[in-house]
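For reference, target09.txt is printed below; it contains compact mmCIF, C-alpha atoms.
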```
# COMPACT_ATOMS: atom_id res chain seq x y z
CA MET A 4 0.00 0.00 0.00
CA SER A 5 1.63 3.25 -1.18
CA HIS A 6 1.70 6.63 0.56
CA ARG A 7 -0.11 8.15 -2.40
CA THR A 8 -3.01 5.73 -2.03
CA ILE A 9 -3.26 6.43 1.70
CA ASN A 10 -3.13 10.19 1.09
CA HIS A 11 -5.99 10.05 -1.41
CA TYR A 12 -7.98 7.82 0.92
CA LEU A 13 -7.60 10.20 3.87
CA ILE A 14 -8.39 13.30 1.82
CA ARG A 15 -11.50 11.64 0.39
CA GLU A 16 -12.60 10.60 3.88
CA ILE A 17 -12.12 14.11 5.25
CA THR A 18 -13.71 15.88 2.27
CA GLY A 19 -17.02 14.04 2.49
CA ILE A 20 -17.53 14.83 6.16
CA PHE A 21 -16.25 18.39 5.66
CA VAL A 22 -18.89 19.21 3.03
CA LEU A 23 -21.67 17.84 5.21
CA GLY A 24 -20.37 19.63 8.32
CA LEU A 25 -20.00 22.91 6.43
CA PHE A 26 -23.61 22.69 5.26
CA ILE A 27 -24.92 21.92 8.76
CA PHE A 28 -22.90 24.56 10.61
CA THR A 29 -23.70 27.26 8.05
CA LEU A 30 -27.39 26.39 8.07
CA VAL A 31 -27.50 26.57 11.87
CA LEU A 32 -25.92 30.04 11.88
CA LEU A 33 -28.22 31.19 9.08
CA MET A 34 -31.37 30.10 10.88
CA GLY A 35 -31.20 33.08 13.23
CA ARG A 36 -31.22 35.48 10.28
CA MET A 37 -33.56 33.40 8.13
CA LEU A 38 -36.52 34.03 10.44
CA LYS A 39 -36.09 37.79 10.11
CA LEU A 40 -35.55 37.59 6.35
CA MET A 41 -38.59 35.38 5.78
CA GLU A 42 -40.63 37.88 7.79
CA MET A 43 -39.73 40.42 5.12
CA VAL A 44 -41.31 38.15 2.51
CA VAL A 45 -44.51 37.53 4.47
CA ALA A 46 -45.09 40.91 6.13
CA ASN A 47 -43.50 43.39 3.73
CA GLY A 48 -44.06 41.67 0.41
CA VAL A 49 -40.34 41.53 -0.45
CA PRO A 50 -39.75 39.11 -3.38
CA PHE A 51 -38.01 35.86 -2.44
CA SER A 52 -35.31 36.56 -5.06
CA GLU A 53 -34.21 39.67 -3.15
CA VAL A 54 -34.22 37.77 0.16
CA LEU A 55 -32.08 35.09 -1.50
CA HIS A 56 -29.68 37.83 -2.62
CA LEU A 57 -29.44 39.03 0.99
CA ILE A 58 -28.65 35.48 2.14
CA VAL A 59 -25.83 35.26 -0.43
CA LEU A 60 -24.40 38.52 0.91
CA LEU A 61 -24.56 37.13 4.46
CA LEU A 62 -22.79 33.87 3.65
CA PRO A 63 -19.15 35.11 3.65
CA SER A 64 -19.30 36.31 7.28
CA PHE A 65 -20.60 32.88 8.29
CA LEU A 66 -18.24 30.83 6.12
CA VAL A 67 -15.19 32.40 7.78
CA LEU A 68 -16.35 30.73 10.99
CA THR A 69 -17.91 27.54 9.67
CA ILE A 70 -15.05 26.38 7.41
CA PRO A 71 -12.60 25.87 10.34
CA MET A 72 -15.46 24.39 12.39
CA ALA A 73 -16.39 21.92 9.64
CA PHE A 74 -12.75 20.95 9.09
CA LEU A 75 -12.30 20.20 12.79
CA LEU A 76 -15.37 17.98 12.72
CA ALA A 77 -14.23 16.25 9.50
CA VAL A 78 -10.77 15.33 10.79
CA LEU A 79 -12.14 14.30 14.18
CA LEU A 80 -14.77 11.97 12.71
CA ALA A 81 -12.52 10.65 9.95
CA PHE A 82 -9.75 9.54 12.30
CA GLY A 83 -12.30 8.34 14.83
CA ARG A 84 -13.79 6.03 12.21
CA LEU A 85 -10.35 4.82 11.08
CA SER A 86 -9.47 4.06 14.67
CA SER A 87 -12.77 2.32 15.51
CA ASP A 88 -12.50 0.12 12.41
CA ASN A 89 -8.89 -0.75 13.36
CA GLU A 90 -7.62 0.72 10.09
CA ILE A 91 -5.05 2.76 12.00
CA THR A 92 -3.74 -0.45 13.57
CA VAL A 93 -3.44 -2.03 10.12
CA LEU A 94 -1.61 1.03 8.78
CA LYS A 95 0.83 0.98 11.69
CA ALA A 96 1.44 -2.72 11.13
CA SER A 97 2.18 -1.92 7.47
CA GLY A 98 4.92 0.51 8.48
CA PHE A 99 2.98 3.79 8.51
CA SER A 100 3.62 6.06 11.47
CA LEU A 101 1.16 8.62 12.75
CA GLU A 102 3.46 11.38 11.46
CA SER A 103 3.21 9.95 7.93
CA LEU A 104 -0.57 10.35 8.06
CA LEU A 105 -0.36 14.05 8.92
CA PRO A 106 0.74 15.50 5.50
CA PRO A 107 -2.56 14.78 3.67
CA VAL A 108 -4.44 16.32 6.59
CA LEU A 109 -2.27 19.44 6.40
CA TRP A 110 -2.68 19.61 2.62
CA ALA A 111 -6.44 19.52 3.03
CA ALA A 112 -6.15 22.11 5.81
CA ALA A 113 -4.11 24.34 3.50
CA VAL A 114 -6.86 24.27 0.86
CA ALA A 115 -9.51 25.07 3.48
CA ALA A 116 -7.31 27.81 4.96
CA MET A 117 -6.70 29.44 1.56
CA LEU A 118 -10.43 29.40 0.85
CA THR A 119 -11.13 30.93 4.27
CA LEU A 120 -8.40 33.55 3.72
CA PHE A 121 -9.92 34.61 0.39
CA ILE A 122 -13.37 34.87 1.95
CA SER A 123 -11.97 36.78 4.93
CA LEU A 124 -9.98 39.31 2.88
CA VAL A 125 -12.29 39.79 -0.11
CA ALA A 126 -15.76 38.32 0.34
CA VAL A 127 -16.48 39.45 3.93
CA PRO A 128 -16.13 43.22 3.34
CA TRP A 129 -17.96 42.85 0.01
CA GLY A 130 -20.80 40.89 1.62
CA ASN A 131 -21.16 43.12 4.69
CA THR A 132 -21.19 46.31 2.62
CA GLY A 133 -23.61 44.86 0.08
CA PHE A 134 -25.93 43.52 2.79
CA LYS A 135 -26.18 46.89 4.51
CA ARG A 136 -26.75 48.74 1.26
CA MET A 137 -29.38 46.30 0.03
CA THR A 138 -31.18 46.24 3.38
CA VAL A 139 -31.57 50.01 3.21
CA GLU A 140 -32.78 49.76 -0.41
CA VAL A 141 -35.33 47.08 0.47
CA ALA A 142 -36.57 49.06 3.48
CA ARG A 143 -37.13 52.11 1.30
CA LYS A 144 -38.57 50.23 -1.66
CA TYR A 145 -41.20 48.29 0.27
CA ALA A 146 -41.89 50.75 3.10
CA ALA A 147 -45.38 51.64 1.86
CA SER A 148 -46.42 48.05 1.21
CA ALA A 149 -45.42 47.07 4.77
CA ILE A 150 -48.20 49.18 6.30
CA LYS A 151 -50.89 47.03 7.91
CA GLU A 152 -54.09 48.05 9.66
CA ARG A 153 -54.57 47.65 13.43
CA ILE A 154 -50.89 46.84 13.95
CA PHE A 155 -48.34 49.11 15.63
CA ARG A 156 -45.48 49.61 13.19
CA ASP A 157 -42.29 50.65 14.97
CA ASP A 158 -39.59 49.81 12.40
CA LEU A 159 -39.56 53.33 10.96
CA PRO A 160 -36.80 55.52 12.49
CA GLY A 161 -38.29 57.44 15.43
CA ILE A 162 -41.87 56.75 14.28
CA VAL A 163 -44.64 54.54 15.66
CA LEU A 164 -47.59 54.25 13.28
CA TYR A 165 -51.05 52.84 13.96
CA LEU A 166 -54.16 53.01 11.77
CA ASP A 167 -57.59 51.50 12.02
CA GLN A 168 -58.26 50.95 8.28
CA TYR A 169 -56.01 50.74 5.25
CA ASP A 170 -56.85 50.34 1.57
CA GLU A 171 -53.73 48.87 -0.05
CA SER A 172 -54.85 49.57 -3.63
CA SER A 173 -55.36 53.32 -3.10
CA ARG A 174 -52.97 53.51 -0.10
CA THR A 175 -55.53 55.50 1.88
CA MET A 176 -55.75 55.31 5.67
CA GLN A 177 -58.45 55.98 8.25
CA LYS A 178 -58.21 56.83 11.96
CA ILE A 179 -54.46 57.30 12.27
CA MET A 180 -52.20 57.72 15.28
CA ILE A 181 -48.50 58.58 14.95
CA GLN A 182 -45.88 58.99 17.66
CA ASP A 183 -42.96 61.06 16.30
CA SER A 184 -39.88 60.85 18.57
CA ARG A 185 -37.21 61.86 16.06
CA ASN A 186 -36.59 65.07 18.00
CA PRO A 187 -36.10 64.05 21.67
CA ASP A 188 -36.68 67.64 22.82
CA LYS A 189 -39.98 67.92 20.95
CA GLN A 190 -41.92 64.69 20.76
CA LEU A 191 -45.17 64.77 18.78
CA THR A 192 -48.33 62.71 19.00
CA ILE A 193 -50.45 63.09 15.88
CA PHE A 194 -54.06 62.04 15.35
CA ALA A 195 -55.81 62.24 11.98
CA LYS A 196 -59.16 61.09 10.57
CA SER A 197 -57.69 60.10 7.20
CA GLY A 198 -54.54 60.12 5.16
CA MET A 199 -52.60 58.78 2.21
CA VAL A 200 -49.14 57.23 1.99
CA SER A 201 -46.74 57.20 -0.96
CA SER A 202 -43.03 56.68 -1.53
CA ASP A 203 -40.53 58.50 -3.72
CA ASP A 204 -39.25 56.18 -6.46
CA THR A 205 -35.80 57.80 -6.44
CA THR A 206 -35.02 58.28 -2.75
CA GLY A 207 -37.47 55.81 -1.20
CA ILE A 208 -38.64 58.47 1.27
CA LEU A 209 -42.09 57.78 2.68
CA ARG A 210 -44.62 60.63 2.31
CA ILE A 211 -47.61 60.51 4.67
CA VAL A 212 -50.30 63.13 3.99
CA LEU A 213 -52.64 63.48 6.97
CA ARG A 214 -56.02 65.25 6.90
CA ASN A 215 -58.30 66.65 9.61
CA GLY A 216 -56.28 66.01 12.70
CA SER A 217 -54.37 67.41 15.63
CA ILE A 218 -50.76 67.53 16.84
CA HIS A 219 -49.98 67.21 20.53
CA SER A 220 -46.52 68.60 21.35
CA GLN A 221 -44.97 68.34 24.77
CA ASN A 222 -41.56 69.16 26.22
CA LYS A 223 -40.22 70.01 29.65
CA GLN A 224 -41.53 73.58 29.50
CA ASP A 225 -44.99 73.47 27.95
CA TYR A 226 -47.71 71.58 26.11
CA ARG A 227 -49.20 72.61 22.75
CA LEU A 228 -52.19 71.48 20.72
CA ILE A 229 -52.36 72.31 17.02
CA SER A 230 -55.25 71.43 14.71
CA PHE A 231 -54.69 71.03 10.97
CA GLN A 232 -56.60 70.47 7.76
CA GLU A 233 -53.64 68.84 6.04
CA TYR A 234 -50.21 67.86 7.33
CA LEU A 235 -47.27 66.30 5.47
CA LEU A 236 -44.97 63.90 7.31
CA THR A 237 -41.84 62.56 5.57
CA VAL A 238 -39.90 59.54 6.81
CA ASP A 239 -36.75 57.90 5.45
CA PRO A 240 -37.21 54.17 6.19
CA GLY A 241 -33.53 53.43 5.62
CA GLU A 242 -32.24 56.23 7.84
CA ALA A 243 -31.83 54.14 10.99
CA ILE A 244 -30.64 50.94 9.31
CA PHE A 245 -26.87 50.50 9.53
CA PRO A 246 -26.13 54.26 9.54
CA LEU A 247 -22.36 53.84 9.91
CA ARG A 248 -19.70 51.92 8.05
CA THR A 249 -17.79 49.86 10.61
CA GLU A 250 -14.46 48.02 10.57
CA LEU A 251 -16.31 44.86 9.50
CA ASP A 252 -17.08 46.48 6.14
CA MET A 253 -13.50 47.61 5.40
CA ASN A 254 -10.95 45.86 3.24
CA ILE A 255 -7.34 45.35 4.32
CA LYS A 256 -6.10 48.60 2.78
CA GLU A 257 -8.81 50.63 4.53
CA LEU A 258 -8.08 48.95 7.86
CA ILE A 259 -4.35 49.70 7.63
CA THR A 260 -5.07 53.32 6.65
CA GLY A 261 -7.47 53.68 9.59
CA ILE A 262 -4.98 52.20 12.06
CA ARG A 263 -2.35 54.71 10.96
CA ALA A 264 -4.75 57.69 11.04
CA GLU A 265 -3.83 59.46 14.29
CA GLN A 266 -6.87 61.77 14.06
CA LEU A 267 -9.23 58.83 14.66
CA VAL A 268 -10.49 57.94 18.13
CA PRO A 269 -8.06 55.44 19.78
CA GLN A 270 -10.85 52.94 20.49
CA LEU A 271 -11.83 52.92 16.80
CA ARG A 272 -8.21 52.31 15.80
CA LEU A 273 -8.02 49.43 18.29
CA LYS A 274 -11.13 47.88 16.75
CA MET A 275 -9.59 48.18 13.29
CA ALA A 276 -6.33 46.59 14.45
CA THR A 277 -8.25 43.75 16.09
CA GLU A 278 -10.29 43.17 12.94
CA LEU A 279 -7.15 43.24 10.77
CA HIS A 280 -5.50 40.44 12.76
CA SER A 281 -8.72 38.41 12.89
CA ARG A 282 -8.86 38.39 9.07
CA PHE A 283 -5.68 36.25 9.10
CA ALA A 284 -6.14 34.41 12.41
CA PHE A 285 -9.41 32.70 11.48
CA PRO A 286 -7.96 30.99 8.36
CA PHE A 287 -4.92 29.86 10.37
CA ALA A 288 -7.27 28.23 12.89
CA THR A 289 -7.91 25.55 10.26
CA PHE A 290 -4.34 24.25 10.74
CA VAL A 291 -4.72 24.45 14.52
CA PHE A 292 -7.94 22.42 14.48
CA ALA A 293 -6.40 19.88 12.08
CA ILE A 294 -3.48 19.09 14.40
CA LEU A 295 -5.74 19.05 17.44
CA ALA A 296 -8.40 16.83 15.85
CA VAL A 297 -6.09 13.95 14.81
CA PRO A 298 -5.15 12.71 18.32
CA LEU A 299 -8.62 13.45 19.67
CA GLY A 300 -10.15 11.42 16.86
CA LEU A 301 -7.83 8.48 17.55
CA SER A 302 -8.70 8.52 21.26
CA ASN A 303 -12.43 8.54 20.44
CA ARG A 304 -12.49 5.13 18.79
CA ARG A 305 -15.39 3.60 20.73
CA SER A 306 -17.61 6.58 21.37
CA GLY A 307 -19.07 6.97 17.89
CA LYS A 308 -19.97 9.97 15.76
CA GLY A 309 -22.19 11.53 18.42
CA ALA A 310 -19.29 11.88 20.83
CA GLY A 311 -17.06 13.19 18.03
CA PHE A 312 -19.62 15.87 17.21
CA THR A 313 -19.88 16.79 20.91
CA ILE A 314 -16.11 17.07 21.27
CA SER A 315 -15.89 19.31 18.20
CA ILE A 316 -18.63 21.58 19.55
CA LEU A 317 -16.87 21.84 22.94
CA ILE A 318 -13.55 22.73 21.26
CA ILE A 319 -15.22 25.31 19.05
CA LEU A 320 -17.08 26.89 21.97
CA SER A 321 -13.91 27.00 24.08
CA TYR A 322 -11.97 28.57 21.23
CA TYR A 323 -14.51 31.28 20.43
CA ILE A 324 -15.29 32.07 24.07
CA LEU A 325 -11.59 32.64 24.72
CA LEU A 326 -11.30 34.64 21.50
CA SER A 327 -14.33 36.82 22.31
CA PHE A 328 -13.03 37.52 25.82
CA LEU A 329 -9.58 38.53 24.57
CA ARG A 330 -11.04 40.53 21.68
CA THR A 331 -13.13 42.57 24.10
CA MET A 332 -10.02 43.25 26.16
CA ALA A 333 -8.12 44.32 23.03
CA GLU A 334 -10.87 46.73 21.94
CA LYS A 335 -10.73 48.30 25.41
CA GLY A 336 -6.96 48.69 25.18
CA GLN A 337 -6.22 46.20 27.97
CA ILE A 338 -4.17 43.91 25.73
CA GLN A 339 -2.41 44.25 22.38
CA PRO A 340 -4.73 43.36 19.45
CA TYR A 341 -2.26 40.96 17.83
CA LEU A 342 -1.80 39.08 21.12
CA ALA A 343 -5.54 38.89 21.78
CA ILE A 344 -6.38 37.47 18.35
CA TRP A 345 -3.45 35.06 17.96
CA LEU A 346 -3.26 33.78 21.54
CA PRO A 347 -6.18 31.29 21.17
CA ASN A 348 -4.46 29.81 18.10
CA LEU A 349 -1.19 29.44 20.04
CA VAL A 350 -2.94 27.85 23.04
CA PHE A 351 -4.88 25.31 20.99
CA LEU A 352 -1.91 24.65 18.69
CA SER A 353 0.29 23.87 21.71
CA ALA A 354 -2.38 21.52 23.05
CA GLY A 355 -2.67 19.88 19.65
CA ILE A 356 1.08 19.31 19.34
CA LEU A 357 1.23 17.83 22.85
CA LEU A 358 -1.69 15.48 22.20
CA PHE A 359 -0.31 14.49 18.80
CA ARG A 360 3.06 13.69 20.35
CA MET A 361 1.37 11.57 23.03
CA ALA A 362 -0.68 9.71 20.41
CA SER A 363 2.47 9.14 18.32
CA LEU A 364 4.23 7.60 21.33
CA GLU A 365 1.01 5.70 22.20
CA ILE A 366 0.77 7.36 25.62
CA SER A 367 -2.81 7.30 26.83
CA PHE A 368 -4.36 10.47 28.17
CA LYS A 369 -5.27 8.79 31.47
CA TYR A 370 -1.69 7.64 32.00
CA PHE A 371 -0.36 11.11 31.13
CA TRP A 372 -2.65 12.92 33.57
CA GLY A 373 -2.00 10.29 36.22
CA ARG A 374 1.74 10.84 35.98
CA LEU A 375 1.31 14.62 35.82
CA LEU A 376 -0.89 14.82 38.90
CA LYS A 377 0.97 12.15 40.88
CA PRO A 378 2.49 13.59 44.09
CA LYS A 379 6.25 13.92 44.14
CA GLY A 380 8.07 11.10 45.91
CA SER A 381 5.25 8.56 45.41
CA VAL A 382 6.02 5.29 43.66
```

I need this file expressed as structure tokens, please.
Amino acid sequence: MSHRTINHYLIREITGIFVLGLFIFTLVLLMGRMLKLMEMVVANGVPFSEVLHLIVLLLPSFLVLTIPMAFLLAVLLAFGRLSSDNEITVLKASGFSLESLLPPVLWAAAVAAMLTLFISLVAVPWGNTGFKRMTVEVARKYAASAIKERIFRDDLPGIVLYLDQYDESSRTMQKIMIQDSRNPDKQLTIFAKSGMVSSDDTTGILRIVLRNGSIHSQNKQDYRLISFQEYLLTVDPGEAIFPLRTELDMNIKELITGIRAEQLVPQLRLKMATELHSRFAFPFATFVFAILAVPLGLSNRRSGKGAGFTISILIILSYYILLSFLRTMAEKGQIQPYLAIWLPNLVFLSAGILLFRMASLEISFKYFWGRLLKPKGSV
């Protein structure tokens, strides 16, 4: 049995599980957003094709996380199956060492890491920027069609709208109540017997023409009541949706420029530096998970796929909890951004190398911990 045959066999074994794991992990992360996006289809009349476009724009930010996660699961389950079926024992008897099985795993990890790096550097800023822009466009485009009778609508910036009757064909309203809080110092409560809503095709601004009503204005000093025959209220539905461009939307060049810009707020520059390092650290995590998963998979020979999936979830949670904690510290200036982002990789890589070395020397984990925790001087 040649090394080339074994390499192809391992890569094929890992690839099948990787594709399935990638689909499952990505779908799980998407489910949280899918509910909100499908609500746009049902409540606001947004075409499914535009919702599908939004999902495509969301995918890069999820794939950066799910590719390393799926690769960890793939290697863990692949080596767990090889161990449970005694194929590892056969390979060792044929002269293959555990170290000789690592190159195909690292080659597969390199492909996954390069894909993750491309998504991180190119697709993530493209997707985040496109998602924000399209969300604003959709909010403006379908703002008028989202109006429903006898339902409080509070998704408009600073506006709460309620109406008793609504004719969608003519876009006329009856018995209207509006709470306008866009100016905190002068909040308005508006009542009107009738009205009509329309939207500007160019800007998407919502125009609400109210007739035969009253405006109740109250601030700290006084209270005013104004009656009107006709009153025009304009609202920009996209005004409060993603108003700022954050470091998540920037490409590498923009991040480096922002970090070097001394006129920016220090906290903003720290966030940019943290994001810059994370763009490279996440792809590298694929190698870390690959080295860590091999010995864990071999030690999991009798527990089955369920235990392998549980172990992968625990590793992933531990990794991202540690990363989130350190990232928060970095953004507050309590630790250097490069150290915060790369430290989890170093910790898990060190653990992976130790476990791989133990598996190579056929030292069981129980024996290792027993020797490590054994009191000095005991026999």

Please report as a tab-separated table every residue of stretch 111-166 of chain A lying within 8 Å of stretch 266-287 of chain A, along with the nearest atom pair and their distance in Å (one decimal), using all atoms listed in the file.
```
residue	atom	partner	partner_atom	distance
A:Ala115	CA	A:Pro286	CA	7.8
A:Ala116	CA	A:Pro286	CA	4.7
A:Met117	CA	A:Pro286	CA	7.1
A:Thr119	CA	A:Pro286	CA	5.2
A:Leu120	CA	A:Pro286	CA	5.3
A:Ser123	CA	A:Arg282	CA	5.4
A:Leu124	CA	A:Arg282	CA	6.4
```

Item checked: Residues within 7 Å of stretch 28-42 of chain A, all atoms listed in the file, excluding chain neighbours under 5 positions, as a PyMOL selection string -> chain A and resi 54+65-66+69

Check: Which is closest to A:Pro71 among A:Gly161, A:Gly98, A:Pro50, A:Gly24, if we use all atoms listed in the file?
Finding: A:Gly24

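The closest residue to A:Leu57, picked from A:Ile150, A:Val22, A:Val78, A:Val141 and counting all atoms listed in the file, is A:Val141.
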
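For the pair atom CA of A:Gly133 and atom CA of A:Phe74, the interatomic distance is 27.8 Å.
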
Which residues come within 12 Å of A:Ile314, counting all atoms listed in the file, excluding same-chain residues fewer than 6 positions away, as a short mmCIF file (atom, residue, chain, number, x, y, z; two decimals) with C-alpha atoms, in the coordinates of the input?
```
data_model
loop_
_atom_site.label_atom_id
_atom_site.label_comp_id
_atom_site.auth_asym_id
_atom_site.auth_seq_id
_atom_site.Cartn_x
_atom_site.Cartn_y
_atom_site.Cartn_z
CA MET A 72 -15.46 24.39 12.39
CA LEU A 75 -12.30 20.20 12.79
CA LEU A 76 -15.37 17.98 12.72
CA ALA A 77 -14.23 16.25 9.50
CA VAL A 78 -10.77 15.33 10.79
CA LEU A 79 -12.14 14.30 14.18
CA LEU A 80 -14.77 11.97 12.71
CA GLY A 83 -12.30 8.34 14.83
CA PHE A 292 -7.94 22.42 14.48
CA LEU A 295 -5.74 19.05 17.44
CA ALA A 296 -8.40 16.83 15.85
CA LEU A 299 -8.62 13.45 19.67
CA GLY A 300 -10.15 11.42 16.86
CA SER A 302 -8.70 8.52 21.26
CA ASN A 303 -12.43 8.54 20.44
CA SER A 306 -17.61 6.58 21.37
CA GLY A 307 -19.07 6.97 17.89
CA LYS A 308 -19.97 9.97 15.76
CA LEU A 320 -17.08 26.89 21.97
CA SER A 321 -13.91 27.00 24.08
#
```

Checklist line | Of the listed residues A:Ser197, A:Ser220, A:Thr18, A:Ser100, that which approaches A:Ala112 most closely, counting only C-alpha atoms | finding: A:Thr18

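Comparing A:Lys196, A:Val291, A:Asp188, A:Leu329 by their smallest distance to A:Asp225, the closest is A:Asp188 (using only C-alpha atoms).
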
Margin query: For stretch 213-219 of chain A, find every residue with an atom within 10 Å (counting all atoms listed in the file), except residues of its own chain fewer than 2 positions away, and show them as a PyMOL selection string.
Written below: chain A and resi 175-182+190-200+210-211+221+226-236
